[in-house]
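The structure appears below as structure tokens.
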Amino acid sequence: MKLKYFTFLFILLSFFSSCKESEASKPTVKQELLVDLSKLSNEITQFQKLVKSNSSAKEIVEQFKKSRLVYKKVEWAVEYFIPETARFMNGPALDEMELEENRSFEPHGFQVMEEMIYPEYNLESKEDLTRELNIFQSNIKQLQSTFEVITISDDYVLDAMQQNVFRVIALGITGFDSPILQSSIPEAGQSLISIPETLEKINLSSKSVSELRELTKSAQKYCTENNNFNAFNRAVFITEYLNPISKKLKTFQKEENIKNVKKSSPLKPTIETLFDKDAFDVNAFVLSKEYNFTKEKALLGEKLFYDTSLSKNNDRSCATCHNPEKAFTDGLKTNVSLTGMNLPRNTPTLAYASLQNAQFWDMRQLDLEKQSVDVIQNKDEMHGSMENIHTKIQLDKDYVKLFKKAYPKTAKPEAWQIQNAIASYVRSLNSFDSRFDEYMRGNKKILNNQEIEGMNLFMGKAKCATCHFTPLFNGTVPPSYSKTEHEVIGTPNEPSGKSLSPDKGRYIYNQMPQLVGAFKTPTVRNAAVTAPYMHNGVFKTLEEVVSFYNKGGGQGLGYEVENQTLPFDKLNLTVKEEKALVAFMKTLTDKKYQ
């Protein structure tokens with residue numbers, strides 16, 4: 001009897017010992033990343049060999065695709081932990097701009113290589129391609145060195161995984177990082193597979209990990225079976241695959257008691273999907289904590305917004321040009337100045353303006369506080385004086401009461417609080433309640449077939465979403481949503497398209513050749529009620545706007561726009577597709593403007 005007992009005990013101890021050894025031998029997230037980076041390096045080495053031996057264009061393109069697929073497996077970590085290097089591995093083939101220092105850096109990475117090998121590769125590009133591959137290998141070594149020394153905790157892993165899903169939604173399936181080859185769909189499926197493979201390093205036996213494994217397999221299968229870029233149904237893929245994956249990640253986080261990462265981000269850490277009604281935090285764009293949004297500040301700001309005493313002649317308020325019935329635009333090509341002359345630019349909407357870190361068409365101010373002062377004191381617009389306004393407010397009992405409620409820590413109204421209150425009102429103008437939003441939250445009956453076709457065109461063939469990023473539909477770049485982009489599209493000076501607009505845009509403030517004619521990418525939300533369009537109000541209808549883009553922008557019209565960032569080749573949209581695209585944009589109208 002004793003012998004049997006000791007035999008059982010020995011077997012039990014051996015079992016637990018083997019489990020511990022198994023746990024100890026299981027690779028960590030960091031170790032797995034380093035292995036995958038070595039695999040990527042091997043693929044690039046093979047790429048270099050093919051280029052060196054003058055292999056066929058077909059072999060080179062196939063190796064390029066294979067290398068990118070391997071990169072997609074580590075992209076979640078590279079983009080999250082080392083974004084400054086990621087920009088030069090798979091960023092846009094456009095100069096990286098540092099406007100504060102008037103400097104630019106030439107692009108590197110896969111998208112640059114893509115332009116060299118597709119649609120046709122020839123030996124004239126061999127030297128440049130070799131150079132790009134050498135730089136890429138150096139970047140891999142830098143990544144390996146960095147990952148070897150940094151700590152990768154579970155909370156950061158989970159946050160990176162969630163951002164990876166958002167990246168696939170907003171960039172991966174839109175063709176943002178494969179604009180020419182259009183290999184985005186299989187790459188999107190590949191990037192999702194890394195989710196369960198990574199999370200099982202945290203808890204292999206988790207039910208959520210098992211469910212994520214099935215969800216990502218199904219998503220990858222959908223991508224494999226529907227890999228035609230133009231025909232891919234993004235509406236289905238997001239609602240039936242990506243949103244469920246995003247929700248399951250949040251479930252895993254709760255089950256494992258993994259805390260949220262503390263960081264200043266426009267995306268709230270509590271969200272389940274990118275399309276949650278309260279997904280975005282306007283406080284991520286404020287100067288400091290004392291500028292944070294409150295309802296009391298917004299109420300005060302609303303009163304100031306409609307107060308004509310802020311102008312020199314007491315005849316204009318902010319609402320004079322930003323009419324709430326027109327989604328805070330004015331419906332004019334350009335408004336009229338105080339001197340009776342037309343202003344040079346169209347009045348942009350204030351709805352969703354708070355979810356950008358650049359204001360005005362030329363992006364000359366970074367925040368809404370400075371934007372309001374700029375307009376109020378502009379001699380052509382309101383010609384007011386902030387000093388005089390501050391004095392008036394201090395003598396107004398009603399205002400003093402409102403300021404005390406909004407800023408209880410200060411004894412009397414301060415000058416900066418006037419700007420902050422107006423900005424706070426603008427920060428309250430984000431509804432996220434359009435029919436598009438309802439569809440993305442599960443109401444499949446809210447959009448018709450034409451509108452869904454338009455959504456797929458917007459995020460695919462028409463290339464709209466490569467500049468107007470989902471779900472803000474402006475130029476604030478996902479998934480961090482911390483930087484707002486400008487574009488050069490070659491806008492005409494008149495509807496007939498006979499000449500280019502002479503307005504130099506951002507170049508006026510940063511005289512770099514890349515910025516001639518560069519303007520902020522505005523939101524397409526509420527576009528149906530914010531006509532006319534473009535910085536000069538040149539187009540009266542959305543149909544005209546779509547036609548312009550379909551022709552390839554300014555270069556497509558024959559203008560000399562050497563720095564155009566918009567693809568200048570024709571989109572080849574049919575009349576039916578153009579109508580569907582317009583129909584979709586109309587689904588982005590908030591309820592109060594419908």
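Quick note on naming: the chains in the structure tokens go A, B, ... in the order shown, residues restart at 1 in each chain, and ligands are numbered from 1 in order of appearance.
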Exercise. Got a sec: who's within 7 Å of Glu96 of chain A, counting only C-alpha atoms, leaving out chain neighbours fewer than 2 positions off, as a ChimeraX atom specification?
Worked result: /A:94,98,104-107
Exercise. What lies within 6 Å of segment 280-284 of chain A using only C-alpha atoms, ignoring chain neighbours under 3 positions off, as a VMD selection string?
Worked result: chain A and resid 264 to 268 292
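With only C-alpha atoms taken into account, the protein and nucleic acid residues at most 12 Å from Asp128 of chain A (excluding it and anything under 2 positions from it in its own chain) are Gln48, Val51, Lys52, His108, Gly109, Val112, Met113, Glu114, Glu115, Met116, Ile117, Tyr121, Asn122, Leu123, Glu124, Ser125, Lys126, Thr130, Arg131, Glu132, Leu133, Asn134 and Ile135 of chain A.
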Take the residues just selected and output them with C-alpha atoms as a PDB file, in the first residue's frame.
ATOM      1  CA  GLN A  48      18.586  41.580 -51.525  1.00  0.00           C
ATOM      2  CA  VAL A  51      17.872  42.152 -56.645  1.00  0.00           C
ATOM      3  CA  LYS A  52      21.627  41.580 -56.771  1.00  0.00           C
ATOM      4  CA  HIS A 108      12.084  54.970 -46.693  1.00  0.00           C
ATOM      5  CA  GLY A 109      10.598  51.518 -46.410  1.00  0.00           C
ATOM      6  CA  VAL A 112       9.051  53.530 -51.342  1.00  0.00           C
ATOM      7  CA  MET A 113      10.131  50.111 -52.608  1.00  0.00           C
ATOM      8  CA  GLU A 114       6.617  49.453 -53.892  1.00  0.00           C
ATOM      9  CA  GLU A 115       6.872  52.462 -56.204  1.00  0.00           C
ATOM     10  CA  MET A 116      10.174  51.112 -57.552  1.00  0.00           C
ATOM     11  CA  ILE A 117       8.965  47.620 -58.415  1.00  0.00           C
ATOM     12  CA  TYR A 121      10.461  46.878 -62.315  1.00  0.00           C
ATOM     13  CA  ASN A 122      13.531  47.568 -64.387  1.00  0.00           C
ATOM     14  CA  LEU A 123      17.265  47.463 -63.712  1.00  0.00           C
ATOM     15  CA  GLU A 124      17.471  51.249 -63.618  1.00  0.00           C
ATOM     16  CA  SER A 125      15.909  51.054 -60.151  1.00  0.00           C
ATOM     17  CA  LYS A 126      18.377  48.425 -58.918  1.00  0.00           C
ATOM     18  CA  THR A 130      19.405  48.051 -53.019  1.00  0.00           C
ATOM     19  CA  ARG A 131      19.886  51.196 -50.977  1.00  0.00           C
ATOM     20  CA  GLU A 132      16.362  50.948 -49.563  1.00  0.00           C
ATOM     21  CA  LEU A 133      16.856  47.303 -48.619  1.00  0.00           C
ATOM     22  CA  ASN A 134      20.122  48.116 -46.850  1.00  0.00           C
ATOM     23  CA  ILE A 135      18.397  50.861 -44.854  1.00  0.00           C
TER      24      ILE A 135
END
Please give the complete set of residues from segment 190-388 of chain A that DSSP, run on the backbone, assigns to strand (DSSP E or B), formatted as an mmCIF file with N, CA and C atoms, in the first residue's frame.
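Everything below was put into result-v6.cif:
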data_model
loop_
_atom_site.group_PDB
_atom_site.id
_atom_site.type_symbol
_atom_site.label_atom_id
_atom_site.label_comp_id
_atom_site.auth_asym_id
_atom_site.auth_seq_id
_atom_site.Cartn_x
_atom_site.Cartn_y
_atom_site.Cartn_z
ATOM 1 N N LEU A 267 -8.166 58.382 -27.875
ATOM 2 C CA LEU A 267 -9.018 57.211 -27.706
ATOM 3 C C LEU A 267 -9.089 56.836 -26.231
ATOM 4 N N PHE A 280 -13.863 58.971 -28.265
ATOM 5 C CA PHE A 280 -12.811 59.986 -28.331
ATOM 6 C C PHE A 280 -12.885 60.977 -27.173
ATOM 7 N N ASN A 323 -22.802 79.158 -38.513
ATOM 8 C CA ASN A 323 -24.228 78.989 -38.265
ATOM 9 C C ASN A 323 -24.519 77.558 -37.808
ATOM 10 N N THR A 329 -21.136 76.211 -40.337
ATOM 11 C CA THR A 329 -20.523 76.871 -41.497
ATOM 12 C C THR A 329 -21.471 78.001 -41.877
ATOM 13 N N VAL A 336 -17.828 87.539 -46.202
ATOM 14 C CA VAL A 336 -17.453 88.918 -46.508
ATOM 15 C C VAL A 336 -16.748 89.531 -45.300
ATOM 16 N N ASN A 342 -14.529 90.125 -50.134
ATOM 17 C CA ASN A 342 -14.643 88.694 -49.856
ATOM 18 C C ASN A 342 -13.395 88.196 -49.137
ATOM 19 N N GLN A 359 -5.637 73.980 -36.537
ATOM 20 C CA GLN A 359 -6.835 74.744 -36.866
ATOM 21 C C GLN A 359 -6.574 75.681 -38.046
ATOM 22 N N GLN A 365 -2.655 77.520 -36.399
ATOM 23 C CA GLN A 365 -2.800 77.420 -34.951
ATOM 24 C C GLN A 365 -3.033 75.965 -34.570
#
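Pairwise distance (atom CA of Glu255 of chain A, atom CA of Tyr222 of chain A) equals 28.1 Å.
The list of residues with at least one atom within 6 Å of segment 412-419 of chain A, based on only C-alpha atoms and without residues fewer than 5 positions apart in the same chain, reads A:Glu369, A:His390, A:Phe403.
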For this session: Could you give me, as an MDAnalysis selection string, the residues within 10 Å of Lys333 of chain A, counting only C-alpha atoms and dropping anything in the same chain fewer than 6 positions from it?
Result: chainID A and resid 342:347 531:540
